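The next block is final-v1.csv, given as CSV, C-alpha atoms and all ligand atoms.
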chain,number,residue,atom,x,y,z
A,1,MET,CA,0.0,0.0,0.0
A,2,ALA,CA,1.3,3.4,-1.0
A,3,LEU,CA,2.3,5.8,1.8
A,4,ALA,CA,-0.2,8.4,0.5
A,5,GLU,CA,-3.1,6.0,0.7
A,6,PHE,CA,-2.2,4.9,4.2
A,7,LEU,CA,-2.0,8.6,5.4
A,8,GLN,CA,-5.3,9.4,3.7
A,9,GLN,CA,-6.9,6.5,5.6
A,10,LEU,CA,-5.5,7.8,8.9
A,11,ASP,CA,-6.8,11.4,8.2
A,12,ASP,CA,-10.3,10.1,7.3
A,13,LEU,CA,-10.4,8.1,10.5
A,14,ALA,CA,-9.3,11.0,12.6
A,15,ALA,CA,-12.1,13.2,11.1
A,16,ALA,CA,-14.7,10.5,11.6
A,17,ALA,CA,-13.7,9.9,15.2
A,18,ASP,CA,-13.9,13.7,16.0
A,19,HIS,CA,-17.3,13.8,14.5
A,20,ALA,CA,-18.6,10.8,16.4
A,21,PHE,CA,-17.3,12.0,19.8
A,22,ALA,CA,-18.8,15.5,19.3
A,23,ALA,CA,-22.2,14.0,18.3
A,24,ALA,CA,-22.3,11.8,21.4
A,25,GLY,CA,-24.7,13.5,23.8
A,26,ASP,CA,-24.4,11.0,26.7
A,27,PRO,CA,-21.8,8.7,28.2
A,28,GLU,CA,-23.3,5.5,26.7
A,29,THR,CA,-23.1,6.9,23.1
A,30,LEU,CA,-19.6,8.1,23.7
A,31,GLU,CA,-18.5,4.7,25.0
A,32,ALA,CA,-19.9,3.1,21.9
A,33,ALA,CA,-17.9,5.6,19.7
A,34,ARG,CA,-14.8,4.8,21.8
A,35,VAL,CA,-15.1,1.1,21.1
A,36,GLU,CA,-15.7,1.7,17.4
A,37,PHE,CA,-12.5,3.8,17.0
A,38,LEU,CA,-10.2,2.8,19.9
A,39,GLY,CA,-11.4,-0.7,20.6
A,40,ALA,CA,-8.4,-3.0,21.3
A,41,LYS,CA,-9.5,-5.9,19.1
A,42,GLN,CA,-12.0,-4.7,16.5
A,43,GLY,CA,-11.4,-0.9,16.7
A,44,ARG,CA,-11.0,1.0,13.4
A,45,LEU,CA,-7.6,2.4,14.5
A,46,LYS,CA,-6.5,-1.2,15.1
A,47,SER,CA,-7.5,-2.2,11.5
A,48,VAL,CA,-5.6,0.7,10.1
A,49,GLN,CA,-2.5,-0.3,12.2
A,50,LYS,CA,-2.7,-3.7,10.6
A,51,GLN,CA,-2.3,-2.0,7.1
A,52,LEU,CA,1.1,-0.7,8.3
A,53,GLY,CA,2.7,-4.0,7.3
A,54,ARG,CA,1.8,-3.3,3.7
A,55,VAL,CA,3.5,0.1,3.4
A,56,PRO,CA,6.9,-0.1,1.5
A,57,LYS,CA,9.8,-0.6,3.8
A,58,GLU,CA,11.4,2.9,3.2
A,59,ASP,CA,8.1,4.6,4.2
A,60,LYS,CA,7.4,2.6,7.3
A,61,ARG,CA,9.1,5.1,9.7
A,62,ALA,CA,7.0,8.1,8.4
A,63,ALA,CA,3.8,6.0,8.4
A,64,GLY,CA,4.4,4.7,11.9
A,65,MET,CA,5.1,8.2,13.3
A,66,ARG,CA,1.9,9.6,11.7
A,67,PHE,CA,-0.1,6.6,13.0
A,68,ASN,CA,1.1,7.4,16.6
A,69,GLU,CA,0.2,11.1,16.3
A,70,VAL,CA,-3.3,10.3,15.0
A,71,LYS,CA,-3.9,7.7,17.7
A,72,ALA,CA,-2.9,10.1,20.5
A,73,ALA,CA,-5.1,12.8,18.9
A,74,VAL,CA,-8.2,10.4,18.8
A,75,GLU,CA,-7.5,9.4,22.5
A,76,ASN,CA,-7.3,13.0,23.5
A,77,ALA,CA,-10.5,13.9,21.7
A,78,PHE,CA,-12.3,11.1,23.5
A,79,GLN,CA,-11.0,12.2,26.9
A,80,ASP,CA,-12.0,15.8,26.3
A,81,ARG,CA,-15.5,14.9,25.3
A,82,ALA,CA,-15.9,12.5,28.3
A,83,GLN,CA,-14.9,15.3,30.7
A,84,GLN,CA,-17.2,17.7,29.0
A,85,LEU,CA,-20.2,15.4,29.5
A,86,GLN,CA,-19.3,14.7,33.1
A,87,SER,CA,-19.1,18.4,34.0
A,88,GLN,CA,-22.5,19.1,32.4
A,89,GLY,CA,-24.0,16.4,34.7
A,90,PRO,CA,-26.8,14.0,34.0
A,91,GLN,CA,-29.6,16.6,34.0
A,92,GLN,CA,-27.9,18.6,31.3
A,93,ALA,CA,-27.5,15.6,29.2
A,94,ALA,CA,-31.0,14.5,29.7
A,95,GLY,CA,-32.8,17.8,29.2
A,96,PRO,CA,-33.0,21.5,30.3
A,97,GLN,CA,-31.3,22.3,33.7
A,98,PHE,CA,-33.5,25.3,34.6
A,99,ASP,CA,-36.8,24.5,36.4
A,100,PRO,CA,-39.1,27.4,35.9
A,101,THR,CA,-41.7,26.0,38.4
A,102,LEU,CA,-39.4,26.4,41.4
A,103,PRO,CA,-40.4,29.3,43.7
A,104,GLY,CA,-38.1,32.4,43.5
A,105,THR,CA,-35.7,33.5,46.2
A,106,PRO,CA,-37.6,36.1,48.4
A,107,LEU,CA,-35.9,39.5,48.6
A,108,SER,CA,-35.7,41.0,52.1
A,109,LEU,CA,-37.0,44.6,51.8
A,110,GLY,CA,-36.1,47.3,54.3
A,111,ARG,CA,-38.7,49.7,55.7
A,112,LEU,CA,-38.8,53.0,57.5
A,113,HIS,CA,-37.9,53.0,61.2
A,114,PRO,CA,-41.0,53.2,63.4
A,115,ILE,CA,-39.9,56.6,64.8
A,116,THR,CA,-39.6,57.9,61.2
A,117,GLN,CA,-43.0,56.5,60.4
A,118,THR,CA,-44.4,58.2,63.5
A,119,ILE,CA,-42.8,61.6,62.6
A,120,GLU,CA,-44.4,61.4,59.1
A,121,GLU,CA,-47.8,60.7,60.6
A,122,LEU,CA,-47.5,63.5,63.2
A,123,LYS,CA,-46.6,66.0,60.5
A,124,ASP,CA,-49.7,64.8,58.6
A,125,ILE,CA,-52.1,65.2,61.5
A,126,MET,CA,-50.7,68.6,62.5
A,127,GLY,CA,-50.7,69.7,58.9
A,128,ARG,CA,-54.4,69.2,58.8
A,129,LEU,CA,-54.7,71.4,61.9
A,130,GLY,CA,-52.9,74.2,59.9
A,131,PHE,CA,-49.3,73.8,61.3
A,132,SER,CA,-46.5,73.9,58.8
A,133,VAL,CA,-43.1,72.2,59.4
A,134,ALA,CA,-40.0,74.1,60.5
A,135,GLU,CA,-36.5,72.8,61.1
A,136,GLY,CA,-33.5,73.8,63.1
A,137,PRO,CA,-29.9,72.5,63.7
A,138,GLU,CA,-29.1,69.7,66.2
A,139,ILE,CA,-25.9,71.5,67.2
A,140,GLU,CA,-27.0,74.8,68.9
A,141,ASP,CA,-25.6,77.8,70.5
A,142,GLU,CA,-26.5,78.9,74.0
A,143,ARG,CA,-28.7,81.8,72.8
A,144,HIS,CA,-31.2,79.5,71.1
A,145,ASN,CA,-31.0,76.6,73.6
A,146,PHE,CA,-31.2,78.8,76.7
A,147,GLU,CA,-30.9,82.6,76.7
A,148,ALA,CA,-33.7,83.5,74.3
A,149,LEU,CA,-35.8,80.9,76.0
A,150,ASN,CA,-35.6,82.9,79.3
A,151,ILE,CA,-33.1,80.4,80.8
A,152,PRO,CA,-30.4,82.7,82.3
A,153,ARG,CA,-26.7,81.8,82.8
A,154,GLU,CA,-27.1,80.7,86.5
A,155,HIS,CA,-30.1,78.4,85.7
A,156,PRO,CA,-29.6,74.7,86.7
A,157,ALA,CA,-30.9,73.6,83.3
A,158,ARG,CA,-27.6,74.9,81.9
A,159,ASP,CA,-25.5,72.6,84.1
A,160,PRO,CA,-22.8,70.8,82.1
A,161,LEU,CA,-23.9,67.6,83.8
A,162,ASP,CA,-27.3,68.0,82.2
A,163,ASN,CA,-26.2,68.8,78.7
A,164,PHE,CA,-23.8,67.6,76.0
A,165,TYR,CA,-21.6,70.6,75.5
A,166,ILE,CA,-19.2,70.8,72.6
A,167,HIS,CA,-16.2,73.0,73.1
A,168,GLY,CA,-15.5,74.8,69.9
A,169,GLY,CA,-12.0,75.8,71.0
A,170,SER,CA,-10.6,78.9,72.7
A,171,GLY,CA,-12.1,82.1,71.6
A,172,PHE,CA,-15.3,80.4,70.2
A,173,PRO,CA,-18.6,80.4,72.1
A,174,PRO,CA,-19.6,77.0,73.5
A,175,LEU,CA,-22.0,74.9,71.5
A,176,LEU,CA,-24.1,72.0,72.6
A,177,LEU,CA,-26.3,69.2,71.2
A,178,ARG,CA,-29.8,70.7,71.6
A,179,SER,CA,-31.6,69.4,74.7
A,180,GLN,CA,-35.0,70.4,73.4
A,181,THR,CA,-36.7,71.4,70.1
A,182,SER,CA,-37.9,74.7,71.8
A,183,THR,CA,-34.8,76.1,70.1
A,184,VAL,CA,-36.7,76.1,66.8
A,185,GLN,CA,-39.4,78.4,68.3
A,186,ILE,CA,-36.7,81.0,68.6
A,187,ARG,CA,-35.2,80.4,65.1
A,188,VAL,CA,-38.7,80.7,63.5
A,189,MET,CA,-39.8,83.8,65.4
A,190,GLU,CA,-36.4,85.6,64.8
A,191,ASN,CA,-37.1,85.2,61.0
A,192,THR,CA,-40.9,85.4,60.7
A,193,PRO,CA,-43.3,88.1,61.7
A,194,PRO,CA,-46.4,86.9,63.5
A,195,PRO,CA,-48.8,85.1,63.1
A,196,VAL,CA,-46.9,81.9,63.4
A,197,ARG,CA,-48.2,78.3,63.4
A,198,ILE,CA,-45.5,75.7,63.2
A,199,ILE,CA,-44.4,72.3,64.4
A,200,SER,CA,-40.8,71.0,64.5
A,201,LEU,CA,-39.8,67.4,64.8
A,202,GLY,CA,-36.3,66.2,65.5
A,203,ARG,CA,-33.7,64.7,67.7
A,204,VAL,CA,-32.7,66.1,71.1
A,205,TYR,CA,-29.9,64.9,73.4
A,206,ARG,CA,-29.6,64.7,77.2
A,207,PRO,CA,-27.2,62.7,79.5
A,208,ASP,CA,-30.2,60.7,80.9
A,209,THR,CA,-29.6,57.1,82.0
A,210,ALA,CA,-31.4,54.8,79.6
A,211,ASP,CA,-34.4,53.0,81.2
A,212,ALA,CA,-37.8,51.9,79.9
A,213,THR,CA,-39.0,55.4,79.3
A,214,HIS,CA,-35.8,57.4,78.9
A,215,TYR,CA,-33.0,57.4,76.3
A,216,PRO,CA,-30.1,59.8,75.9
A,217,MET,CA,-31.2,60.6,72.3
A,218,PHE,CA,-34.8,60.9,71.6
A,219,HIS,CA,-37.3,62.9,69.5
A,220,GLN,CA,-39.6,65.8,70.3
A,221,MET,CA,-42.4,67.4,68.5
A,222,GLU,CA,-42.5,71.1,69.2
A,223,GLY,CA,-45.5,73.2,68.5
A,224,LEU,CA,-45.8,77.0,68.4
A,225,LEU,CA,-48.8,79.2,67.7
A,226,VAL,CA,-48.5,83.0,68.0
A,227,ASP,CA,-51.4,85.3,67.1
A,228,ARG,CA,-53.6,88.1,68.5
A,229,HIS,CA,-56.1,86.1,70.5
A,230,VAL,CA,-54.8,82.8,71.8
A,231,THR,CA,-55.6,81.2,75.1
A,232,LEU,CA,-54.8,78.1,77.2
A,233,ALA,CA,-58.1,76.6,76.1
A,234,ASP,CA,-56.9,76.8,72.4
A,235,LEU,CA,-53.8,74.9,73.5
A,236,LYS,CA,-55.9,72.2,75.2
A,237,SER,CA,-58.2,71.9,72.1
A,238,VAL,CA,-55.3,71.5,69.7
A,239,LEU,CA,-53.6,68.8,71.9
A,240,ARG,CA,-56.9,67.0,72.5
A,241,LEU,CA,-57.6,67.0,68.7
A,242,PHE,CA,-54.1,65.8,68.1
A,243,ALA,CA,-54.2,63.0,70.7
A,244,ALA,CA,-57.6,61.8,69.4
A,245,SER,CA,-56.3,61.7,65.9
A,246,TYR,CA,-53.1,59.9,66.7
A,247,LEU,CA,-54.1,57.6,69.6
A,248,GLY,CA,-57.8,57.2,69.0
A,249,GLY,CA,-61.0,59.0,70.0
A,250,ASP,CA,-61.2,57.6,73.5
A,251,VAL,CA,-57.9,59.0,74.8
A,252,HIS,CA,-58.0,61.3,77.8
A,253,ILE,CA,-55.6,64.1,78.4
A,254,ARG,CA,-54.9,66.3,81.4
A,255,PHE,CA,-52.9,69.4,82.3
A,256,ARG,CA,-50.9,69.5,85.5
A,257,PRO,CA,-49.4,72.9,86.7
A,258,SER,CA,-45.7,72.9,86.1
A,259,PHE,CA,-42.8,75.3,85.4
A,260,PHE,CA,-40.8,76.1,82.3
A,261,PRO,CA,-38.8,79.3,82.0
A,262,PHE,CA,-40.2,80.0,78.6
A,263,THR,CA,-43.9,79.6,79.3
A,264,GLU,CA,-46.2,81.2,81.8
A,265,PRO,CA,-48.4,79.5,82.9
A,266,SER,CA,-46.8,76.1,82.3
A,267,VAL,CA,-48.3,72.7,82.3
A,268,GLU,CA,-47.3,69.0,82.0
A,269,VAL,CA,-49.4,67.2,79.5
A,270,ASP,CA,-50.4,63.7,80.5
A,271,PHE,CA,-52.3,61.0,78.4
A,272,HIS,CA,-54.1,58.1,80.0
A,273,TRP,CA,-52.4,54.7,79.3
A,274,ASN,CA,-52.7,51.3,80.9
A,275,ASP,CA,-54.8,52.7,83.8
A,276,GLN,CA,-52.1,55.3,84.4
A,277,TRP,CA,-51.5,58.9,83.6
A,278,ILE,CA,-48.2,59.1,81.6
A,279,GLU,CA,-46.4,62.4,80.9
A,280,PHE,CA,-46.0,63.0,77.2
A,281,GLY,CA,-44.7,66.6,77.3
A,282,GLY,CA,-44.7,70.1,78.5
A,283,ALA,CA,-46.6,73.1,77.3
A,284,GLY,CA,-47.8,76.6,78.2
A,285,MET,CA,-48.4,80.2,77.1
A,286,VAL,CA,-45.3,81.7,75.6
A,287,ASP,CA,-43.6,83.9,78.2
A,288,PRO,CA,-43.6,87.6,77.3
A,289,ASN,CA,-39.8,87.7,77.8
A,290,VAL,CA,-39.4,85.2,75.0
A,291,LEU,CA,-41.6,87.2,72.7
A,292,ARG,CA,-39.5,90.3,73.5
A,293,ALA,CA,-36.2,88.4,72.9
A,294,VAL,CA,-37.2,87.7,69.3
A,295,GLY,CA,-38.5,91.3,68.7
A,296,TYR,CA,-42.3,90.6,69.0
A,297,ASP,CA,-44.5,93.0,71.0
A,298,PRO,CA,-46.2,91.0,73.9
A,299,GLU,CA,-48.8,93.7,74.0
A,300,GLN,CA,-49.9,92.8,70.5
A,301,VAL,CA,-49.5,89.1,70.3
A,302,VAL,CA,-49.8,86.0,72.5
A,303,GLY,CA,-49.0,82.4,71.9
A,304,PHE,CA,-48.9,78.9,73.1
A,305,ALA,CA,-46.2,76.3,72.8
A,306,PHE,CA,-45.8,72.6,73.5
A,307,GLY,CA,-43.1,69.9,73.3
A,308,LEU,CA,-44.1,66.2,73.2
A,309,GLY,CA,-41.9,63.1,73.3
A,310,VAL,CA,-42.2,61.3,70.0
A,311,GLU,CA,-41.0,57.9,71.3
A,312,ARG,CA,-43.6,58.0,74.1
A,313,LEU,CA,-46.4,58.6,71.6
A,314,CYS,CA,-45.2,55.8,69.4
A,315,MET,CA,-44.9,53.5,72.4
A,316,ARG,CA,-48.4,54.3,73.6
A,317,ARG,CA,-49.9,53.8,70.1
A,318,HIS,CA,-48.2,50.4,69.5
A,319,GLY,CA,-48.0,49.0,73.0
A,320,VAL,CA,-44.2,49.1,73.2
A,321,THR,CA,-43.2,49.0,76.9
A,322,ASP,CA,-39.5,49.8,76.6
A,323,ILE,CA,-38.1,52.8,74.6
A,324,ARG,CA,-34.7,51.0,74.2
A,325,GLU,CA,-36.3,48.6,71.7
A,326,PHE,CA,-36.3,51.4,69.1
A,327,TYR,CA,-32.5,51.7,69.1
A,328,LYS,CA,-31.4,48.0,69.4
A,329,ASN,CA,-31.6,47.6,65.7
A,330,ASP,CA,-33.2,44.2,66.1
A,331,VAL,CA,-35.0,43.6,62.8
A,332,ARG,CA,-37.4,41.2,64.4
A,333,PHE,CA,-38.7,44.2,66.4
A,334,LEU,CA,-38.4,46.7,63.6
A,335,HIS,CA,-40.2,44.6,61.0
A,336,GLN,CA,-43.4,44.7,63.0
A,337,PHE,CA,-44.1,48.3,62.1
B,1,LIG,C1,-39.2,70.1,77.4
B,1,LIG,O1,-38.3,69.6,76.8
B,1,LIG,C2,-39.8,71.4,77.0
B,1,LIG,N1,-39.0,72.0,75.9
B,1,LIG,C3,-41.3,71.1,76.5
B,1,LIG,C4,-42.0,72.4,76.3
B,1,LIG,C5,-42.1,73.0,75.0
B,1,LIG,C6,-42.6,73.1,77.4
B,1,LIG,C7,-42.8,74.1,74.8
B,1,LIG,C8,-43.3,74.2,77.2
B,1,LIG,C9,-43.4,74.8,75.9
B,1,LIG,P1,-39.5,68.1,79.1
B,1,LIG,O2,-38.1,68.1,79.5
B,1,LIG,O3,-40.5,67.8,80.1
B,1,LIG,O4,-39.9,69.4,78.4
B,1,LIG,O5,-39.5,67.0,77.9
B,1,LIG,C10,-40.7,66.9,77.1
B,1,LIG,C11,-41.0,65.4,76.8
B,1,LIG,O6,-39.9,64.8,76.2
B,1,LIG,C12,-41.2,64.6,78.1
B,1,LIG,O7,-42.5,64.8,78.6
B,1,LIG,C13,-41.0,63.2,77.6
B,1,LIG,O8,-42.2,62.8,76.9
B,1,LIG,C14,-39.9,63.4,76.6
B,1,LIG,N2,-38.6,63.1,77.2
B,1,LIG,C15,-37.9,63.8,78.1
B,1,LIG,N3,-36.8,63.2,78.4
B,1,LIG,C16,-36.7,62.0,77.7
B,1,LIG,C17,-35.8,61.0,77.5
B,1,LIG,N4,-34.7,60.9,78.2
B,1,LIG,N5,-36.2,59.9,76.7
B,1,LIG,C18,-37.3,59.9,76.1
B,1,LIG,N6,-38.2,60.9,76.1
B,1,LIG,C19,-37.9,62.0,77.0
With the file now loaded, output its structure as structure tokens.
Ligand code: FA5
Amino acid sequence: MALAEFLQQLDDLAAAADHAFAAAGDPETLEAARVEFLGAKQGRLKSVQKQLGRVPKEDKRAAGMRFNEVKAAVENAFQDRAQQLQSQGPQQAAGPQFDPTLPGTPLSLGRLHPITQTIEELKDIMGRLGFSVAEGPEIEDERHNFEALNIPREHPARDPLDNFYIHGGSGFPPLLLRSQTSTVQIRVMENTPPPVRIISLGRVYRPDTADATHYPMFHQMEGLLVDRHVTLADLKSVLRLFAASYLGGDVHIRFRPSFFPFTEPSVEVDFHWNDQWIEFGGAGMVDPNVLRAVGYDPEQVVGFAFGLGVERLCMRRHGVTDIREFYKNDVRFLHQF
């Protein structure tokens, strides 16, 4: 047999083996193709090898080398395809891998913090009563946190032990984290001529020890109404309407005589909860000294103001008995709102 004929047989066989392995879609078919081409006794490669004896003596070396190359290539092609089928797995070989009937992976969605939700609702209720929203900074100066609110330098409320002071450095006036939202009353009145009807909701800070009803950072809702004819009865009506809207129509509220330097008279505002009266805030008629400090004429205008604890309102509404739950960041608690 001529060398050229022998080499042609080898090439044809290599091409046929490649084709058969690629077409094998499962291990059984591939094994049948392996036996057909690489089988030790009857394999097609074996029969071509037998032809080697008929190649002229001087061409035997070249024919033998080519035979070995083709044999190695066919063996490699088989191994590659076997590995490919194995990595695809039996499902892939048998049919589609993707099962569209399986349920999807649920996405865990975040939500607004209960205090943020409460703030939005309080703004909504007070908006319907004609109050617009004002804002002020959490880092305040002593004028807005104390002086303009009729809290003079020697007053115990200014004690460093009762406030978070921030020392701005030598030559700079002391600053502090505001201890009440009443600061915003001053900021609004300084910039707006009467009449005024605002609320302000935000964080305040006090070095209070945390317990079931106290936290060192909490939120207040401040309210301020200044106009020509305003009385304590108006204040009570607004707070009662507010409480009925937020807590439900059957809520009872009461005023207890109290003292705040910036209101005269002053009251504590209590709501009834769990057979007890609980303090929700302070309120009163704006002290004439405060009106004077912002350039208003106390002979012309009067006003009322109130400051309520937002956490306490939210606790009362949702039956939360410990304020610390709001700030533990336990999603099992937070996801209930
Ligand atoms: C004030 O802060 C006054 N600025 C309220 C006010 C405004 C009076 C306008 C008159 C006119 P008081 O310190 O009582 O008042 O605080 C008001 C409310 O904040 C309390 O009734 C309570 O509900 C809430 N509160 C006070 N301290 C804490 C605390 N540590 N943690 C959570 N809530 C608190």
**Report entry** Contacts of Glu268 of chain A at 6 Å (only C-alpha atoms; same-chain gap of 2+ positions) as a ChimeraX atom specification
**Finding:** /A:255-256,258,281-282
Requested in this report: Let me have all residues with an atom within 9 Å of ligand LIG 1 (chain B), counting all atoms listed in the file, laid out as a PyMOL selection string.
Outcome: chain A and resi 179-183+185+204-224+259-264+266-270+278-286+304-313+323
**Report entry** segment 71-80 of chain A environment, 8 Å, all atoms listed in the file, sequence neighbours closer than 5 positions dropped, as a PyMOL selection string
**Finding:** chain A and resi 14+17-18+21+30+34+38+45
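Take the candidates A:Ala233, A:Gly319, A:Lys50, A:Leu201 and check each one against Phe131 of chain A using only C-alpha atoms; the shortest distance goes to A:Leu201.
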Query raised in the report: With distances taken over only C-alpha atoms, which of A:Leu247, A:Leu225, A:Leu7, A:Val230 is nearest to Leu129 of chain A?
Result: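 That would be A:Leu225, the residue with the smallest distance to Leu129 of chain A.
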Query raised in the report: In Å, with one decimal, what is the gap from atom CA of Val133 of chain A to atom CA of Asn191 of chain A?
Result: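 Between atom CA of Val133 of chain A and atom CA of Asn191 of chain A the gap works out to 14.4 Å.
Between atom CA of Ser132 of chain A and atom CA of Ile199 of chain A the interatomic distance comes to 6.2 Å.
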Query raised in the report: From the list A:Ala22, A:Ala63, A:Val48, A:Val290, which residue is nearest Leu85 of chain A when using all atoms listed in the file?
Result: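 The shortest atom-to-atom distance to Leu85 of chain A comes from A:Ala22.
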Report task. Might you pull out every residue within 7 Å of Glu138 of chain A, with all atoms listed in the file counted and same-chain residues fewer than 5 positions away left off, and present them as JSON, numbers by chain? Result -> {"A": [177, 178, 203]}
Report task. Counting all atoms listed in the file, select every polymer residue within 9 Å of (-22.8, 71.6, 70.2) as defined in the file's coordinates, and provide the selection as a ChimeraX atom specification. Result -> /A:138-141,164-168,174-178
